[in-house]
>>> print(open('upload06.tsv').read())   # TSV, C-alpha atoms
chain	number	residue	atom	x	y	z
A	1	MET	CA	27.51	-4.86	-32.90
A	2	SER	CA	27.89	-3.15	-29.56
A	3	MET	CA	31.33	-2.05	-28.43
A	4	ARG	CA	30.25	-2.23	-24.78
A	5	SER	CA	31.48	-5.05	-22.58
A	6	PRO	CA	28.94	-7.59	-21.27
A	7	LEU	CA	29.42	-6.17	-17.76
A	8	GLY	CA	28.82	-2.63	-18.99
A	9	ARG	CA	25.61	-3.67	-20.69
A	10	ALA	CA	24.33	-5.54	-17.61
A	11	ARG	CA	25.24	-2.90	-15.06
A	12	GLY	CA	22.23	-1.11	-13.60
A	13	LEU	CA	19.79	-3.66	-14.97
A	14	GLY	CA	17.96	-5.66	-12.31
A	15	SER	CA	15.59	-8.58	-12.73
A	16	ALA	CA	12.98	-6.17	-14.10
A	17	LYS	CA	15.34	-5.29	-16.99
A	18	SER	CA	15.45	-1.62	-16.19
A	19	GLY	CA	17.52	0.74	-14.13
A	20	THR	CA	16.77	2.70	-11.00
A	21	GLN	CA	13.61	4.48	-12.20
A	22	HIS	CA	11.32	1.92	-10.57
A	23	TRP	CA	13.15	2.06	-7.26
A	24	TRP	CA	13.17	5.87	-7.29
A	25	ALA	CA	9.48	6.20	-8.18
A	26	GLN	CA	8.64	3.78	-5.35
A	27	ARG	CA	10.53	6.01	-2.87
A	28	LEU	CA	9.07	9.29	-4.17
A	29	THR	CA	5.52	7.96	-3.86
A	30	ALA	CA	6.36	6.50	-0.44
A	31	ILE	CA	7.56	9.90	0.83
A	32	ALA	CA	4.45	11.60	-0.60
A	33	LEU	CA	2.24	8.99	1.04
A	34	VAL	CA	3.62	9.56	4.56
A	35	PRO	CA	1.78	12.88	5.17
A	36	LEU	CA	-1.11	11.98	2.84
A	37	THR	CA	-1.83	8.72	4.67
A	38	ILE	CA	-1.65	10.35	8.10
A	39	TRP	CA	-4.12	13.02	6.91
A	40	PHE	CA	-6.34	10.36	5.32
A	41	VAL	CA	-6.63	8.25	8.47
A	42	ILE	CA	-7.43	11.28	10.67
A	43	ALA	CA	-10.01	12.52	8.14
A	44	MET	CA	-11.64	9.09	7.79
A	45	VAL	CA	-11.76	8.57	11.56
A	46	ALA	CA	-13.52	11.94	11.89
A	47	ALA	CA	-15.90	10.99	9.05
A	48	THR	CA	-16.79	7.59	10.55
A	49	GLY	CA	-20.49	6.85	10.19
A	50	SER	CA	-21.23	9.99	8.11
A	51	ASP	CA	-24.56	10.06	6.32
A	52	TYR	CA	-24.82	10.71	2.57
A	53	THR	CA	-25.02	14.51	2.77
A	54	THR	CA	-22.20	14.82	5.31
A	55	ALA	CA	-19.94	12.47	3.34
A	56	ARG	CA	-20.50	14.45	0.11
A	57	ALA	CA	-19.82	17.74	1.88
A	58	PHE	CA	-16.59	16.21	3.24
A	59	ILE	CA	-15.41	14.76	-0.10
A	60	GLY	CA	-16.44	17.86	-2.07
A	61	ASN	CA	-14.60	20.31	0.20
A	62	PRO	CA	-11.85	21.83	-2.01
A	63	VAL	CA	-9.01	20.94	0.38
A	64	THR	CA	-10.28	17.38	0.91
A	65	ALA	CA	-10.90	16.86	-2.82
A	66	VAL	CA	-7.37	17.94	-3.80
A	67	LEU	CA	-5.78	15.83	-1.04
A	68	LEU	CA	-7.92	12.84	-2.00
A	69	VAL	CA	-6.87	13.10	-5.66
A	70	LEU	CA	-3.20	13.35	-4.63
A	71	LEU	CA	-3.67	10.37	-2.30
A	72	ILE	CA	-5.34	8.31	-5.04
A	73	VAL	CA	-2.59	9.06	-7.61
A	74	ALA	CA	0.27	8.32	-5.18
A	75	THR	CA	-1.45	5.24	-3.73
A	76	PHE	CA	-2.21	3.52	-7.03
A	77	HIS	CA	1.18	4.39	-8.51
A	78	HIS	CA	2.93	3.05	-5.39
A	79	ALA	CA	0.66	-0.04	-5.27
A	80	GLN	CA	1.22	-1.06	-8.88
A	81	LEU	CA	5.00	-0.59	-8.53
A	82	GLY	CA	4.97	-2.79	-5.42
A	83	LEU	CA	2.70	-5.48	-6.87
A	84	GLN	CA	4.90	-5.54	-9.98
A	85	VAL	CA	7.92	-6.53	-7.85
A	86	VAL	CA	5.91	-9.19	-6.01
A	87	ILE	CA	4.80	-10.72	-9.33
A	88	GLU	CA	8.33	-10.54	-10.78
A	89	ASP	CA	9.70	-12.28	-7.68
A	90	TYR	CA	7.24	-15.16	-7.41
A	91	VAL	CA	5.76	-15.81	-10.86
A	92	HIS	CA	8.27	-17.71	-12.97
A	93	THR	CA	6.15	-18.51	-16.01
A	94	LYS	CA	6.77	-15.65	-18.44
A	95	SER	CA	3.32	-15.68	-20.06
A	96	VAL	CA	1.52	-15.67	-16.68
A	97	GLU	CA	3.88	-12.99	-15.39
A	98	ILE	CA	3.15	-10.68	-18.32
A	99	ALA	CA	-0.59	-11.31	-18.07
A	100	LEU	CA	-0.59	-10.50	-14.34
A	101	LEU	CA	1.54	-7.37	-14.84
A	102	LEU	CA	-0.88	-6.12	-17.50
A	103	ALA	CA	-3.85	-6.90	-15.25
A	104	ILE	CA	-2.32	-5.11	-12.25
A	105	LYS	CA	-1.32	-2.02	-14.19
A	106	GLY	CA	-4.64	-1.89	-16.04
A	107	ALA	CA	-6.62	-2.31	-12.80
A	108	ALA	CA	-4.58	0.44	-11.10
A	109	ILE	CA	-5.35	2.88	-13.92
A	110	VAL	CA	-9.07	2.00	-14.03
A	111	LEU	CA	-9.52	2.16	-10.23
A	112	ALA	CA	-7.54	5.40	-9.88
A	113	LEU	CA	-9.51	7.03	-12.70
A	114	ALA	CA	-12.84	5.87	-11.25
A	115	ALA	CA	-11.94	7.18	-7.78
A	116	ILE	CA	-10.70	10.54	-9.13
A	117	PHE	CA	-13.82	10.90	-11.28
A	118	ALA	CA	-16.00	10.21	-8.24
A	119	VAL	CA	-14.19	12.85	-6.13
A	120	LEU	CA	-14.32	15.48	-8.90
A	121	SER	CA	-17.98	14.85	-9.73
A	122	ILE	CA	-18.88	15.43	-6.07
A	123	ALA	CA	-16.57	18.47	-5.82
A	124	PHE	CA	-18.09	20.04	-8.94
A	125	GLY	CA	-21.59	19.40	-7.63
A	126	GLY	CA	-22.75	16.93	-10.27
A	127	ALA	CA	-25.23	14.14	-9.66
B	128	MET	CA	19.73	-21.62	-21.84
B	129	ALA	CA	17.71	-23.83	-19.52
B	130	THR	CA	17.26	-22.17	-16.14
B	131	ASP	CA	14.39	-24.27	-14.74
B	132	ASN	CA	16.51	-26.89	-12.97
B	133	ARG	CA	19.05	-24.65	-11.35
B	134	PRO	CA	19.50	-25.29	-7.64
B	135	LEU	CA	17.63	-22.89	-5.42
B	136	SER	CA	18.87	-21.35	-2.21
B	137	PRO	CA	18.06	-23.40	0.92
B	138	HIS	CA	14.34	-23.62	1.56
B	139	LEU	CA	12.88	-20.92	3.74
B	140	GLN	CA	11.52	-23.38	6.31
B	141	VAL	CA	15.01	-24.44	7.47
B	142	TYR	CA	15.53	-20.97	8.93
B	143	LYS	CA	14.32	-20.06	12.39
B	144	PRO	CA	11.94	-17.08	12.00
B	145	GLN	CA	13.50	-13.88	13.33
B	146	LEU	CA	11.84	-10.54	14.09
B	147	THR	CA	13.67	-8.93	11.17
B	148	SER	CA	12.66	-11.57	8.61
B	149	VAL	CA	9.06	-11.76	9.86
B	150	LEU	CA	8.67	-7.97	9.68
B	151	SER	CA	10.23	-7.99	6.21
B	152	ILE	CA	7.68	-10.41	4.74
B	153	LEU	CA	4.90	-8.68	6.71
B	154	HIS	CA	5.77	-5.45	4.87
B	155	ARG	CA	5.11	-7.20	1.58
B	156	LEU	CA	1.96	-8.95	2.82
B	157	THR	CA	0.47	-5.73	4.20
B	158	GLY	CA	1.35	-3.99	0.92
B	159	VAL	CA	-0.62	-6.57	-1.06
B	160	ALA	CA	-3.49	-6.40	1.47
B	161	LEU	CA	-3.59	-2.60	1.21
B	162	ALA	CA	-3.67	-2.79	-2.59
B	163	ILE	CA	-6.77	-5.01	-2.28
B	164	GLY	CA	-8.13	-2.63	0.38
B	165	THR	CA	-8.15	0.26	-2.10
B	166	LEU	CA	-11.23	-1.45	-3.57
B	167	LEU	CA	-13.18	-0.42	-0.47
B	168	LEU	CA	-12.11	3.23	-0.80
B	169	VAL	CA	-12.95	3.27	-4.52
B	170	TRP	CA	-16.34	1.67	-3.81
B	171	TRP	CA	-17.09	4.21	-1.05
B	172	LEU	CA	-16.16	7.18	-3.27
B	173	ILE	CA	-18.14	5.92	-6.28
B	174	ALA	CA	-21.10	5.15	-4.01
B	175	ALA	CA	-21.01	8.70	-2.62
B	176	ALA	CA	-20.89	10.03	-6.18
B	177	SER	CA	-23.72	7.74	-7.36
B	178	GLY	CA	-26.54	8.52	-4.95
B	179	PRO	CA	-28.06	7.90	-1.51
B	180	GLY	CA	-29.03	4.27	-2.24
B	181	ALA	CA	-25.54	3.25	-3.36
B	182	TYR	CA	-23.97	5.17	-0.48
B	183	ASP	CA	-26.19	3.52	2.15
B	184	ALA	CA	-25.35	0.09	0.69
B	185	ALA	CA	-21.61	0.80	0.98
B	186	GLN	CA	-22.03	2.19	4.51
B	187	SER	CA	-24.05	-0.81	5.66
B	188	PHE	CA	-21.37	-3.18	4.35
B	189	ILE	CA	-18.60	-1.19	6.08
B	190	GLY	CA	-20.67	-1.17	9.29
B	191	SER	CA	-21.36	-4.93	9.18
B	192	PHE	CA	-19.33	-7.43	11.19
B	193	LEU	CA	-17.34	-8.51	8.11
B	194	GLY	CA	-16.87	-4.89	7.04
B	195	ARG	CA	-15.54	-3.86	10.44
B	196	LEU	CA	-13.27	-6.91	10.60
B	197	LEU	CA	-11.78	-6.08	7.18
B	198	LEU	CA	-11.43	-2.42	8.14
B	199	LEU	CA	-9.67	-3.35	11.39
B	200	GLY	CA	-7.22	-5.50	9.43
B	201	TRP	CA	-6.64	-2.75	6.89
B	202	THR	CA	-6.15	-0.14	9.63
B	203	PHE	CA	-3.38	-2.24	11.16
B	204	ALA	CA	-1.91	-3.03	7.71
B	205	LEU	CA	-1.88	0.68	6.87
B	206	PHE	CA	-0.13	1.73	10.08
B	207	TYR	CA	2.30	-1.17	9.84
B	208	HIS	CA	3.19	-0.48	6.20
B	209	LEU	CA	3.45	3.26	6.94
B	210	SER	CA	5.72	2.94	9.98
B	211	ASN	CA	7.82	0.11	8.54
B	212	GLY	CA	7.96	2.09	5.29
B	213	ILE	CA	9.55	4.97	7.23
B	214	ARG	CA	11.98	2.37	8.64
B	215	HIS	CA	12.79	1.36	5.06
B	216	LEU	CA	13.32	5.01	4.03
B	217	ALA	CA	15.77	5.38	6.92
B	218	TRP	CA	17.67	2.34	5.63
B	219	ASP	CA	17.68	3.94	2.17
B	220	ILE	CA	19.70	6.86	3.53
B	221	GLY	CA	22.01	4.40	5.27
B	222	TRP	CA	20.66	4.74	8.81
B	223	GLY	CA	19.74	1.92	11.19
B	224	PHE	CA	21.50	-1.13	9.76
B	225	GLU	CA	23.20	-2.12	13.04
B	226	LEU	CA	21.67	-5.32	14.40
B	227	GLY	CA	20.61	-3.76	17.71
B	228	THR	CA	19.08	-0.75	15.98
B	229	ALA	CA	17.25	-2.98	13.47
B	230	TYR	CA	15.65	-4.88	16.35
B	231	THR	CA	14.80	-1.71	18.30
B	232	THR	CA	13.16	-0.04	15.30
B	233	GLY	CA	11.43	-3.35	14.48
B	234	TRP	CA	9.76	-3.59	17.88
B	235	LEU	CA	9.01	0.15	17.73
B	236	VAL	CA	7.16	-0.39	14.43
B	237	VAL	CA	5.11	-3.23	15.98
B	238	ILE	CA	4.17	-1.18	19.06
B	239	VAL	CA	3.40	2.00	17.10
B	240	SER	CA	1.19	0.07	14.64
B	241	ILE	CA	-0.86	-1.55	17.41
B	242	VAL	CA	-1.20	1.68	19.41
B	243	LEU	CA	-2.22	3.79	16.38
B	244	THR	CA	-4.72	1.13	15.30
B	245	LEU	CA	-6.33	1.19	18.76
B	246	VAL	CA	-6.31	5.01	18.89
B	247	SER	CA	-7.96	5.22	15.44
B	248	TRP	CA	-10.70	2.77	16.39
B	249	ILE	CA	-11.39	4.50	19.69
B	250	GLY	CA	-11.59	7.75	17.69
B	251	GLY	CA	-13.88	6.15	15.12
B	252	TYR	CA	-16.30	4.85	17.74
B	253	ALA	CA	-16.23	8.24	19.46
B	254	ALA	CA	-17.07	9.95	16.13
B	255	ARG	CA	-20.05	7.57	15.75
B	256	GLY	CA	-21.19	8.33	19.27
B	257	GLY	CA	-20.27	4.88	20.54
B	258	GLY	CA	-22.40	2.89	18.04
>>> encode(input="upload06.tsv", output="structure tokens")
Amino acid sequence: MSMRSPLGRARGLGSAKSGTQHWWAQRLTAIALVPLTIWFVIAMVAATGSDYTTARAFIGNPVTAVLLVLLIVATFHHAQLGLQVVIEDYVHTKSVEIALLLAIKGAAIVLALAAIFAVLSIAFGGA
Amino acid sequence: MATDNRPLSPHLQVYKPQLTSVLSILHRLTGVALAIGTLLLVWWLIAAASGPGAYDAAQSFIGSFLGRLLLLGWTFALFYHLSNGIRHLAWDIGWGFELGTAYTTGWLVVIVSIVLTLVSWIGGYAARGGG
């Protein structure tokens, strides 16, 4: 039996049943994404219409490759945190909610990994 | 404990839409749209890693009418979510909650998003040589 009061046990727990970690991670990734996104848009505008060889030279450039990997990690982490809140707010059937949360988080991991693998394989000169 | 039949807050449609509330839901909508838009980036990167055939297929989709329309929408969504996200970060440190300031920064976000979208597309067409 817990000696803590009901208020003490509830304090800091939101609808997601956790404390401030989610909120904080959302802000950290948001701050990281400000410069990364600005760089990304400028780089992609400059790369508009690139042919295969030019695009690979662009992606495989060490600076671009590192920034792309950082962008991918921050983007998918930020996206799955955000989509989680949207699902928690609007989906009120627990089984559907859990299924969607698993799908979103799984998809974020798979897509991020695929994108990072693609960048690294180009950067390391593989086929 | 049954929670299904609890009364809900007044329905959203009884409220007159305001700039602040419209921008608030637009932040969420653009966030969801951008999450879907990552599929295009992942496709493009994997295509570039896969070979010339896959890359040309991705490029021809992006260059198609539908591809450009989606990309235009995502460009605006990105700039909106970015600039309104900075507005949110300012609120997080306690700045900009006054009603007048909230409206000023709201309109600023709208204008900046439209201008940066146009600038990016002019830049993109210039990079392509007008094509």
>>> interface_residues(input="upload06.tsv", of="chain B", to="chain A", cutoff="7 Å", atoms="all atoms listed in the file", output="JSON, numbers by chain")
{"B": [159, 162, 169, 172, 173, 175, 176, 177, 179, 182, 209, 247, 250, 251, 254, 255]}
>>> write_last_selection(input="upload06.tsv", atoms="C-alpha atoms", output="PDB file, keeping the file's coordinate frame")
ATOM      1  CA  VAL B 159      -0.620  -6.570  -1.060  1.00  0.00           C
ATOM      2  CA  ALA B 162      -3.670  -2.790  -2.590  1.00  0.00           C
ATOM      3  CA  VAL B 169     -12.950   3.270  -4.520  1.00  0.00           C
ATOM      4  CA  LEU B 172     -16.160   7.180  -3.270  1.00  0.00           C
ATOM      5  CA  ILE B 173     -18.140   5.920  -6.280  1.00  0.00           C
ATOM      6  CA  ALA B 175     -21.010   8.700  -2.620  1.00  0.00           C
ATOM      7  CA  ALA B 176     -20.890  10.030  -6.180  1.00  0.00           C
ATOM      8  CA  SER B 177     -23.720   7.740  -7.360  1.00  0.00           C
ATOM      9  CA  PRO B 179     -28.060   7.900  -1.510  1.00  0.00           C
ATOM     10  CA  TYR B 182     -23.970   5.170  -0.480  1.00  0.00           C
ATOM     11  CA  LEU B 209       3.450   3.260   6.940  1.00  0.00           C
ATOM     12  CA  SER B 247      -7.960   5.220  15.440  1.00  0.00           C
ATOM     13  CA  GLY B 250     -11.590   7.750  17.690  1.00  0.00           C
ATOM     14  CA  GLY B 251     -13.880   6.150  15.120  1.00  0.00           C
ATOM     15  CA  ALA B 254     -17.070   9.950  16.130  1.00  0.00           C
ATOM     16  CA  ARG B 255     -20.050   7.570  15.750  1.00  0.00           C
TER      17      ARG B 255
END
>>> closest_residue(input="upload06.tsv", among="A:His22, A:Met3, A:Glu97, A:Leu71", to="A:Leu36", atoms="all atoms listed in the file")
A:Leu71
>>> residues_around(input="upload06.tsv", residues="B:His215", least_positions_apart="5", cutoff="10 Å", atoms="only C-alpha atoms", output="ChimeraX atom specification")
/A:27,30 /B:151,154,208-210,220-223
>>> atom_distance(input="upload06.tsv", atom1="atom CA of B:Thr232", atom2="atom CA of B:Ala204")
17.1 Å
>>> atom_distance(input="upload06.tsv", atom1="atom CA of B:Ala184", atom2="atom CA of B:Leu167")
12.2 Å
>>> atom_distance(input="upload06.tsv", atom1="atom CA of A:Ala32", atom2="atom CA of B:Leu235")
22.1 Å
>>> residues_around(input="upload06.tsv", residues="A:Leu100", least_positions_apart="2", cutoff="12 Å", atoms="only C-alpha atoms", output="ChimeraX atom specification")
/A:80,83-88,90-98,102-107
>>> closest_residue(input="upload06.tsv", among="B:Phe224, B:Tyr207, B:Tyr252, B:Trp170", to="B:Ile238", atoms="all atoms listed in the file")
B:Tyr207
>>> axis_aligned_box(input="upload06.tsv", around="stretch 179-186 of chain B", padding_each_side="5 Å", output="AutoDock Vina command-line options")
--center_x -25.3 --center_y 4.0 --center_z 0.6 --size_x 17.4 --size_y 17.8 --size_z 17.9
>>> build_atoms(input="upload06.tsv", residues="stretch 57-68 of chain A", atoms="all heavy atoms", output="PDB file, keeping the file's coordinate frame")
ATOM      1  N   ALA A  57     -20.371  16.437   1.494  1.00  0.00           N
ATOM      2  CA  ALA A  57     -19.820  17.740   1.880  1.00  0.00           C
ATOM      3  C   ALA A  57     -18.336  17.601   2.220  1.00  0.00           C
ATOM      4  O   ALA A  57     -17.516  18.463   1.873  1.00  0.00           O
ATOM      5  CB  ALA A  57     -20.587  18.305   3.070  1.00  0.00           C
ATOM      6  N   PHE A  58     -17.986  16.471   2.877  1.00  0.00           N
ATOM      7  CA  PHE A  58     -16.590  16.210   3.240  1.00  0.00           C
ATOM      8  C   PHE A  58     -15.737  15.986   1.983  1.00  0.00           C
ATOM      9  O   PHE A  58     -14.698  16.631   1.806  1.00  0.00           O
ATOM     10  CB  PHE A  58     -16.530  14.981   4.163  1.00  0.00           C
ATOM     11  CG  PHE A  58     -15.174  14.349   4.270  1.00  0.00           C
ATOM     12  CD1 PHE A  58     -14.123  15.000   4.909  1.00  0.00           C
ATOM     13  CD2 PHE A  58     -14.943  13.095   3.722  1.00  0.00           C
ATOM     14  CE1 PHE A  58     -12.872  14.412   4.994  1.00  0.00           C
ATOM     15  CE2 PHE A  58     -13.692  12.502   3.802  1.00  0.00           C
ATOM     16  CZ  PHE A  58     -12.648  13.167   4.434  1.00  0.00           C
ATOM     17  N   ILE A  59     -16.193  15.084   1.104  1.00  0.00           N
ATOM     18  CA  ILE A  59     -15.410  14.760  -0.100  1.00  0.00           C
ATOM     19  C   ILE A  59     -15.307  15.973  -1.020  1.00  0.00           C
ATOM     20  O   ILE A  59     -14.258  16.218  -1.631  1.00  0.00           O
ATOM     21  CB  ILE A  59     -16.043  13.560  -0.853  1.00  0.00           C
ATOM     22  CG1 ILE A  59     -16.035  12.302   0.011  1.00  0.00           C
ATOM     23  CG2 ILE A  59     -15.320  13.294  -2.177  1.00  0.00           C
ATOM     24  CD1 ILE A  59     -16.941  11.186  -0.478  1.00  0.00           C
ATOM     25  N   GLY A  60     -16.396  16.747  -1.124  1.00  0.00           N
ATOM     26  CA  GLY A  60     -16.440  17.860  -2.070  1.00  0.00           C
ATOM     27  C   GLY A  60     -15.736  19.120  -1.588  1.00  0.00           C
ATOM     28  O   GLY A  60     -15.510  20.042  -2.379  1.00  0.00           O
ATOM     29  N   ASN A  61     -15.369  19.164  -0.306  1.00  0.00           N
ATOM     30  CA  ASN A  61     -14.600  20.310   0.200  1.00  0.00           C
ATOM     31  C   ASN A  61     -13.322  20.451  -0.628  1.00  0.00           C
ATOM     32  O   ASN A  61     -12.638  19.454  -0.874  1.00  0.00           O
ATOM     33  CB  ASN A  61     -14.282  20.052   1.682  1.00  0.00           C
ATOM     34  CG  ASN A  61     -13.355  21.116   2.258  1.00  0.00           C
ATOM     35  OD1 ASN A  61     -12.157  21.089   2.007  1.00  0.00           O
ATOM     36  ND2 ASN A  61     -13.914  22.028   3.006  1.00  0.00           N
ATOM     37  N   PRO A  62     -13.008  21.679  -1.107  1.00  0.00           N
ATOM     38  CA  PRO A  62     -11.850  21.830  -2.010  1.00  0.00           C
ATOM     39  C   PRO A  62     -10.550  21.241  -1.477  1.00  0.00           C
ATOM     40  O   PRO A  62      -9.814  20.582  -2.218  1.00  0.00           O
ATOM     41  CB  PRO A  62     -11.734  23.349  -2.175  1.00  0.00           C
ATOM     42  CG  PRO A  62     -13.094  23.878  -1.892  1.00  0.00           C
ATOM     43  CD  PRO A  62     -13.711  22.963  -0.898  1.00  0.00           C
ATOM     44  N   VAL A  63     -10.269  21.459  -0.199  1.00  0.00           N
ATOM     45  CA  VAL A  63      -9.010  20.940   0.380  1.00  0.00           C
ATOM     46  C   VAL A  63      -9.044  19.409   0.387  1.00  0.00           C
ATOM     47  O   VAL A  63      -8.093  18.748  -0.047  1.00  0.00           O
ATOM     48  CB  VAL A  63      -8.794  21.491   1.807  1.00  0.00           C
ATOM     49  CG1 VAL A  63      -7.556  20.870   2.434  1.00  0.00           C
ATOM     50  CG2 VAL A  63      -8.676  23.008   1.774  1.00  0.00           C
ATOM     51  N   THR A  64     -10.157  18.842   0.874  1.00  0.00           N
ATOM     52  CA  THR A  64     -10.280  17.380   0.910  1.00  0.00           C
ATOM     53  C   THR A  64     -10.166  16.798  -0.493  1.00  0.00           C
ATOM     54  O   THR A  64      -9.460  15.807  -0.699  1.00  0.00           O
ATOM     55  CB  THR A  64     -11.643  16.957   1.497  1.00  0.00           C
ATOM     56  OG1 THR A  64     -11.924  17.737   2.640  1.00  0.00           O
ATOM     57  CG2 THR A  64     -11.653  15.499   1.844  1.00  0.00           C
ATOM     58  N   ALA A  65     -10.872  17.408  -1.457  1.00  0.00           N
ATOM     59  CA  ALA A  65     -10.900  16.860  -2.820  1.00  0.00           C
ATOM     60  C   ALA A  65      -9.490  16.815  -3.421  1.00  0.00           C
ATOM     61  O   ALA A  65      -9.091  15.800  -4.001  1.00  0.00           O
ATOM     62  CB  ALA A  65     -11.829  17.693  -3.695  1.00  0.00           C
ATOM     63  N   VAL A  66      -8.733  17.901  -3.244  1.00  0.00           N
ATOM     64  CA  VAL A  66      -7.370  17.940  -3.800  1.00  0.00           C
ATOM     65  C   VAL A  66      -6.490  16.887  -3.104  1.00  0.00           C
ATOM     66  O   VAL A  66      -5.754  16.138  -3.759  1.00  0.00           O
ATOM     67  CB  VAL A  66      -6.755  19.350  -3.649  1.00  0.00           C
ATOM     68  CG1 VAL A  66      -5.271  19.338  -3.970  1.00  0.00           C
ATOM     69  CG2 VAL A  66      -7.477  20.338  -4.563  1.00  0.00           C
ATOM     70  N   LEU A  67      -6.584  16.819  -1.774  1.00  0.00           N
ATOM     71  CA  LEU A  67      -5.780  15.830  -1.040  1.00  0.00           C
ATOM     72  C   LEU A  67      -6.172  14.405  -1.416  1.00  0.00           C
ATOM     73  O   LEU A  67      -5.313  13.524  -1.552  1.00  0.00           O
ATOM     74  CB  LEU A  67      -5.904  16.055   0.471  1.00  0.00           C
ATOM     75  CG  LEU A  67      -5.212  17.312   1.016  1.00  0.00           C
ATOM     76  CD1 LEU A  67      -5.533  17.507   2.502  1.00  0.00           C
ATOM     77  CD2 LEU A  67      -3.699  17.239   0.818  1.00  0.00           C
ATOM     78  N   LEU A  68      -7.476  14.179  -1.607  1.00  0.00           N
ATOM     79  CA  LEU A  68      -7.920  12.840  -2.000  1.00  0.00           C
ATOM     80  C   LEU A  68      -7.366  12.446  -3.371  1.00  0.00           C
ATOM     81  O   LEU A  68      -6.913  11.322  -3.565  1.00  0.00           O
ATOM     82  CB  LEU A  68      -9.456  12.767  -2.030  1.00  0.00           C
ATOM     83  CG  LEU A  68     -10.170  12.465  -0.707  1.00  0.00           C
ATOM     84  CD1 LEU A  68     -11.686  12.552  -0.892  1.00  0.00           C
ATOM     85  CD2 LEU A  68      -9.793  11.080  -0.179  1.00  0.00           C
TER      86      LEU A  68
END
